[in-house]
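Listing of entry07.txt; format and content: compact mmCIF, C-alpha atoms.
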```txt
# COMPACT_ATOMS: atom_id res chain seq x y z
CA MET A 191 99.03 122.15 113.95
CA GLU A 192 99.50 122.66 110.23
CA ARG A 193 100.08 119.33 108.51
CA TRP A 194 101.96 118.20 105.48
CA ALA A 195 100.20 116.66 102.49
CA GLN A 196 99.94 113.00 103.44
CA ASP A 197 100.96 110.35 100.91
CA PHE A 198 99.72 106.89 101.90
CA ASP A 199 100.68 103.73 100.10
CA VAL A 200 100.76 100.00 100.82
CA TYR A 201 103.47 97.36 100.79
CA MET A 202 103.85 93.73 101.83
CA ALA A 203 106.52 92.22 104.08
CA THR A 204 107.17 89.19 106.26
CA LEU A 205 107.04 89.50 110.05
CA ASP A 206 107.73 86.56 112.36
CA ASP A 207 107.53 84.24 109.33
CA LYS A 208 104.01 85.44 108.50
CA PRO A 209 102.85 87.89 105.82
CA ALA A 210 102.15 91.46 106.89
CA SER A 211 100.46 94.28 105.05
CA PHE A 212 101.55 97.83 105.84
CA VAL A 213 100.02 101.19 104.97
CA ILE A 214 102.40 104.08 105.58
CA ASP A 215 102.34 107.86 105.09
CA LEU A 216 105.48 108.19 103.01
CA ALA A 217 105.50 111.96 103.44
CA ALA A 218 105.74 111.76 107.25
CA ALA A 219 109.35 110.58 107.15
CA ALA A 220 110.51 114.06 106.12
CA HIS A 221 108.95 115.52 109.29
CA ALA A 222 109.50 112.78 111.88
CA PRO A 223 109.85 112.92 114.77
CA VAL A 224 107.32 115.67 115.47
CA ALA A 225 108.35 117.13 118.83
CA SER A 226 104.82 118.32 119.67
CA HIS A 227 103.44 114.75 119.39
CA PRO A 228 105.55 112.43 121.58
CA VAL A 229 102.80 109.96 122.60
CA LEU A 230 102.22 106.88 120.46
CA VAL A 231 98.70 105.46 120.39
CA ARG A 232 98.30 101.93 119.07
CA VAL A 233 94.77 100.72 118.44
CA ARG A 234 94.63 96.94 117.97
CA VAL A 235 91.59 95.44 116.27
CA PRO A 236 91.34 91.63 116.15
CA MET A 237 89.60 90.38 113.03
CA ARG A 238 86.46 88.29 113.26
CA ALA A 239 87.57 85.70 110.70
CA PRO A 240 91.03 86.32 109.25
CA ARG A 241 92.38 84.39 106.32
CA ALA A 242 94.57 81.38 107.02
CA ASP A 243 97.65 83.57 106.51
CA GLY A 244 96.43 86.12 109.08
CA LEU A 245 95.49 88.83 106.56
CA ARG A 246 92.04 90.30 105.92
CA ALA A 247 89.33 88.23 104.26
CA ASP A 248 87.20 89.99 101.65
CA ALA A 249 84.18 90.04 103.96
CA GLU A 250 86.07 92.15 106.51
CA LEU A 251 87.55 94.73 104.17
CA ALA A 252 84.60 97.13 104.31
CA PRO A 253 83.88 97.05 108.08
CA LEU A 254 87.56 97.37 108.99
CA ALA A 255 87.98 100.28 106.56
CA ALA A 256 84.94 101.96 108.15
CA LEU A 257 86.40 101.43 111.63
CA GLU A 258 89.73 102.90 110.55
CA ASP A 259 88.07 105.97 109.03
CA GLN A 260 85.91 106.45 112.11
CA PHE A 261 88.71 106.15 114.64
CA VAL A 262 91.27 108.19 112.72
CA GLU A 263 88.87 111.04 112.01
CA ALA A 264 87.74 111.18 115.64
CA LEU A 265 91.28 111.18 117.06
CA GLU A 266 92.54 113.72 114.55
CA THR A 267 89.65 116.03 115.39
CA LYS A 268 89.46 115.59 119.16
CA VAL A 269 93.06 115.05 120.31
CA ASP A 270 95.06 116.50 117.38
CA ALA A 271 96.35 113.04 116.43
CA ILE A 272 98.70 112.42 113.50
CA TYR A 273 97.86 109.15 111.76
CA VAL A 274 101.03 107.57 110.34
CA GLY A 275 99.88 104.14 109.19
CA ARG A 276 98.65 100.68 109.98
CA MET A 277 99.83 97.08 110.08
CA VAL A 278 97.76 93.98 109.34
CA HIS A 279 99.42 90.84 110.70
CA ASP A 280 98.47 87.56 112.33
CA GLY A 281 94.75 88.32 112.50
CA VAL A 282 95.09 91.82 113.95
CA THR A 283 94.93 95.32 112.46
CA THR A 284 97.06 97.87 114.34
CA LEU A 285 96.51 101.59 113.77
CA ALA A 286 99.35 103.95 114.74
CA LEU A 287 98.84 107.60 115.68
CA TYR A 288 100.84 110.23 117.59
CA VAL A 289 99.26 112.77 119.92
CA PRO A 290 100.41 115.69 122.09
CA GLU A 291 101.27 115.01 125.74
CA ALA A 292 98.44 117.34 126.79
CA HIS A 293 95.90 114.84 125.44
CA ARG A 294 97.34 111.68 127.02
CA ALA A 295 94.79 111.51 129.83
CA GLU A 296 91.88 111.69 127.39
CA LEU A 297 93.06 108.50 125.75
CA ASP A 298 92.06 106.50 128.83
CA GLN A 299 88.50 106.83 127.58
CA LEU A 300 89.06 106.04 123.93
CA PRO A 301 85.48 104.84 123.25
CA ALA A 302 84.18 108.22 124.36
CA LEU A 303 86.38 109.83 121.71
CA THR A 304 85.79 107.42 118.84
CA GLY A 305 82.27 106.12 119.37
CA ALA A 306 81.30 102.46 119.17
CA PRO A 307 83.12 100.32 116.58
CA PRO A 308 81.20 98.35 113.94
CA PRO A 309 79.41 95.29 115.39
CA GLY A 310 81.65 92.34 116.14
CA TYR A 311 84.85 94.29 116.71
CA GLU A 312 86.46 94.92 120.10
CA PRO A 313 89.47 97.24 119.78
CA SER A 314 92.08 97.60 122.50
CA TRP A 315 94.59 100.41 122.78
CA ASN A 316 97.59 101.71 124.64
CA ALA A 317 99.43 105.02 124.85
CA GLU A 318 103.18 105.09 125.38
CA ASP A 319 106.12 107.47 125.22
CA ASP A 320 107.75 107.49 121.79
CA ALA A 321 109.29 110.93 121.34
CA GLY A 322 111.70 109.53 118.74
CA TRP A 323 108.86 108.05 116.68
CA ASP A 324 110.52 104.64 116.84
CA PHE A 325 107.31 102.80 115.94
CA HIS A 326 106.92 105.03 112.90
CA GLU A 327 110.42 103.95 111.88
CA PHE A 328 109.40 100.30 112.36
CA LEU A 329 106.51 100.83 109.92
CA GLN A 330 108.85 102.09 107.20
CA PRO A 331 109.41 99.77 104.22
CA ASP A 332 112.82 98.27 103.62
CA PRO A 333 114.51 99.09 100.28
CA TYR A 334 112.66 96.25 98.55
CA GLY A 335 109.25 97.33 99.83
CA ARG A 336 109.91 101.00 99.10
CA GLN A 337 111.02 100.26 95.55
CA ALA A 338 107.94 98.08 95.02
CA ILE A 339 105.82 101.14 95.81
CA TRP A 340 107.69 103.29 93.29
CA ASN A 341 107.57 100.49 90.70
CA ARG A 342 103.79 100.34 91.04
CA ARG A 343 103.43 104.10 90.71
CA LEU A 344 105.74 104.36 87.72
CA VAL A 345 104.15 101.42 85.91
CA LYS A 346 100.76 103.07 86.37
CA VAL A 347 102.06 106.14 84.54
CA PHE A 348 103.06 103.92 81.63
CA GLU A 349 99.74 102.06 81.79
CA ASP A 350 97.68 105.26 81.87
CA GLY A 351 99.57 106.40 78.78
CA GLY A 352 98.50 103.31 76.86
CA ASP A 353 101.89 101.59 77.00
CA ALA A 354 102.30 98.02 75.75
CA LEU A 355 103.71 96.83 79.08
CA ALA A 356 104.49 93.31 77.87
CA THR A 357 106.77 94.62 75.09
CA PRO A 358 110.43 94.48 76.17
CA ARG A 359 112.39 97.68 75.86
CA GLU A 360 115.71 99.04 77.16
CA ILE A 361 115.35 100.04 80.80
CA ASP A 362 117.90 102.41 82.28
CA HIS A 363 119.05 102.13 85.90
CA LEU A 364 121.24 104.26 88.18
CA ALA A 365 123.00 103.39 91.42
CA TYR A 366 125.46 105.13 93.74
CA PHE A 367 128.32 103.64 95.76
CA PRO A 368 130.59 104.89 98.55
CA SER A 369 133.82 103.66 96.93
CA GLU A 370 135.28 102.78 93.56
CA ALA A 371 135.88 99.21 94.73
CA ALA A 372 132.20 98.74 95.60
CA ALA A 373 131.09 100.24 92.29
CA GLN A 374 133.48 98.01 90.34
CA ALA A 375 132.25 94.93 92.18
CA ALA A 376 128.65 95.83 91.40
CA ARG A 377 129.53 96.48 87.77
CA ALA A 378 131.04 93.01 87.45
CA GLN A 379 128.03 91.29 89.04
CA LEU A 380 125.49 93.27 87.03
CA THR A 381 127.37 92.53 83.79
CA ALA A 382 127.26 88.82 84.63
CA ALA A 383 123.49 89.18 85.13
CA GLY A 384 123.07 90.52 81.61
CA PHE A 385 123.09 94.27 82.21
CA ARG A 386 125.01 96.59 79.91
CA CYS A 387 127.06 98.78 82.23
CA ASP A 388 128.49 102.21 81.45
CA GLU A 389 131.83 103.42 82.73
CA LEU A 390 131.91 104.53 86.36
CA GLU A 391 131.61 108.21 87.14
CA GLY A 392 132.69 110.03 90.28
CA GLY A 393 135.67 110.15 92.53
CA SER A 394 136.84 111.48 95.86
CA ASP A 395 136.81 114.88 97.46
CA GLU A 396 138.12 115.89 100.87
CA ASP A 397 134.94 114.70 102.57
CA ARG A 398 133.87 111.49 100.86
CA GLU A 399 133.83 109.23 97.85
CA CYS A 400 130.80 108.95 95.60
CA TRP A 401 130.67 106.80 92.50
CA SER A 402 127.72 106.40 90.15
CA LEU A 403 126.95 103.60 87.74
CA GLU A 404 124.40 103.62 84.94
CA PHE A 405 123.36 100.25 83.55
CA HIS A 406 120.77 98.95 81.13
CA ARG A 407 118.91 95.81 80.11
CA ASP A 408 115.92 94.95 77.97
CA ASP A 409 112.92 93.99 80.10
CA ALA A 410 109.13 94.11 80.02
CA LEU A 411 107.03 96.08 82.51
CA ALA A 412 104.03 93.76 82.71
CA GLY A 413 102.96 91.87 85.83
CA ALA A 414 105.57 91.29 88.50
CA ARG A 415 108.51 91.89 86.17
CA PRO A 416 109.52 95.32 87.57
CA ASP A 417 109.68 93.95 91.12
CA GLU A 418 111.67 90.97 89.85
CA PHE A 419 114.37 92.95 88.06
CA VAL A 420 114.63 95.48 90.90
CA THR A 421 115.03 92.65 93.43
CA GLU A 422 117.81 91.27 91.24
CA ILE A 423 119.52 94.68 91.29
CA LEU A 424 119.09 95.31 95.01
CA ASP A 425 120.49 91.87 95.81
CA VAL A 426 123.70 93.06 94.13
CA ILE A 427 124.06 96.64 95.30
CA LEU A 428 122.79 96.59 98.89
CA PRO A 429 125.51 94.25 100.23
CA LEU A 430 128.01 96.71 98.70
CA ASP A 431 126.44 99.67 100.57
CA GLY A 432 125.08 101.02 97.31
CA SER A 433 121.85 102.92 96.84
CA TYR A 434 119.48 102.47 93.92
CA ASP A 435 118.18 105.64 92.28
CA GLY A 436 115.49 103.95 90.21
CA TRP A 437 114.73 103.14 86.59
CA GLY A 438 113.31 104.76 83.49
CA ALA A 439 112.40 103.69 79.99
CA ALA A 440 110.85 104.85 76.74
CA ARG A 441 107.19 104.06 76.16
CA ARG A 442 106.06 101.39 73.72
CA ALA A 443 102.84 101.88 71.80
CA PRO A 444 100.48 98.92 71.37
CA GLY A 445 100.44 97.08 68.07
```
Translate the structure described by the file into structure tokens.
Amino acid sequence: MERWAQDFDVYMATLDDKPASFVIDLAAAAHAPVASHPVLVRVRVPMRAPRADGLRADAELAPLAALEDQFVEALETKVDAIYVGRMVHDGVTTLALYVPEAHRAELDQLPALTGAPPPGYEPSWNAEDDAGWDFHEFLQPDPYGRQAIWNRRLVKVFEDGGDALATPREIDHLAYFPSEAAAQAARAQLTAAGFRCDELEGGSDEDRECWSLEFHRDDALAGARPDEFVTEILDVILPLDGSYDGWGAARRAPG
């Protein structure tokens, strides 16, 4: 089948009180579920010597990356698989792919499809019905993880342009709310947190309410600061059923 342009990125989360690293094709969400690929294949690869927190040690990065490339390429080529992402958690790497029903039986002999893994690794696998792509939904980042991805990408644009990331500058933010009351509550909390808030915009039509709020504060873009100020914002607007539309700022030249 003709595929979309995949857009993989990574984010961190906590699962069962342990850190988890996720890689997800962000572009797949616009196409999921794919009706022609209702069978979920999960390939589980225990690590040889995981870190104390259950994530990958440096010594295993290269062989596990080689295994992932080998297995994904083989399954995409031989059983028309769609690779949607992976999870690293508690000493195990889990690859997630979807395949057509017509290829389910071939998955019983996965080693014949993929070839032998790198020495020291013993993958296991299972195929199950998942026409709704529920596991793909499980892999999706929450609003904090998703915004961390966009923060990283946007900061890189500034960095590539030679920006002085540590120099504070006014950063503009935009959020939307389903009611005037929610927007007003957010405005009050954000003002208390040091943001300069504009007047609300929006109103009601016969179908729904939609209110927008622009707000601003001086912040730097270096290090973890973007994730910190976005977390501060999301902690305010998410309990009010708001949605964050991101941030923007003018560049600052070095010196």
Using all atoms listed in the file, which residues of segment 274-357 of chain A come within 12 Å of segment 403-427 of chain A, and what is the closest atom pair for each, with the distance in Å to one decimal? Give it as a tab-separated table, sorted by chain and residue number.
```
residue	atom	partner	partner_atom	distance
A:Asp332	CA	A:Leu424	CA	11.1
A:Pro333	CA	A:Leu424	CA	7.9
A:Tyr334	CA	A:Thr421	CA	6.7
A:Gly335	CA	A:Asp417	CA	9.4
A:Arg336	CA	A:Asp417	CA	10.7
A:Gln337	CA	A:Val420	CA	7.6
A:Ala338	CA	A:Asp417	CA	5.9
A:Ile339	CA	A:Asp417	CA	9.4
A:Trp340	CA	A:Asp417	CA	9.8
A:Asn341	CA	A:Pro416	CA	6.4
A:Arg342	CA	A:Pro416	CA	8.4
A:Arg343	CA	A:Pro416	CA	11.1
A:Leu344	CA	A:Pro416	CA	9.8
A:Val345	CA	A:Leu411	CA	7.0
A:Lys346	CA	A:Leu411	CA	10.2
A:Val347	CA	A:Leu411	CA	11.4
A:Phe348	CA	A:Leu411	CA	8.8
A:Glu349	CA	A:Ala412	CA	9.4
A:Asp353	CA	A:Leu411	CA	9.3
A:Ala354	CA	A:Ala412	CA	8.3
A:Leu355	CA	A:Ala412	CA	4.8
A:Ala356	CA	A:Ala412	CA	4.9
A:Thr357	CA	A:Ala410	CA	5.5
```
Give me the residues within 10 Å of segment 328-331 of chain A as a PyMOL selection string, counting only C-alpha atoms and dropping any in the same chain fewer than 3 places off.
chain A and resi 200-203+212-216+219+274-277+286+323-325+334-339
With 9 Å as the threshold, what does the neighbourhood of (129.2, 103.2, 82.0) contain in terms of residues, counting all atoms listed in the file? Coordinates are those of the file; answer as a list in words.
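Answer for this query, in the requested form: Arg377, Arg386, Cys387, Asp388, Glu389, Leu390, Glu391, Ser402, Leu403, Glu404 and Phe405 of chain A.
For the pair atom CA of Leu251 of chain A and atom CA of Val289 of chain A, the interatomic distance is 26.7 Å.
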Grab the atom CA of Ala242 of chain A to atom CA of Phe198 of chain A distance for me, in Å with one decimal place.
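Distance between the two atoms: 26.5 Å.
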Which residue of A:Asp243, A:Glu360, A:Asp320, A:Asp431 approaches Asp280 of chain A most closely, using all atoms listed in the file:
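Counting all atoms listed in the file, the residue closest to Asp280 of chain A is A:Asp243.
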Give me the residues within 12 Å of Pro368 of chain A as a VMD selection string, counting all atoms listed in the file and dropping any in the same chain fewer than 3 places off.
chain A and resid 365 371 to 376 391 to 395 397 to 403 427 to 433
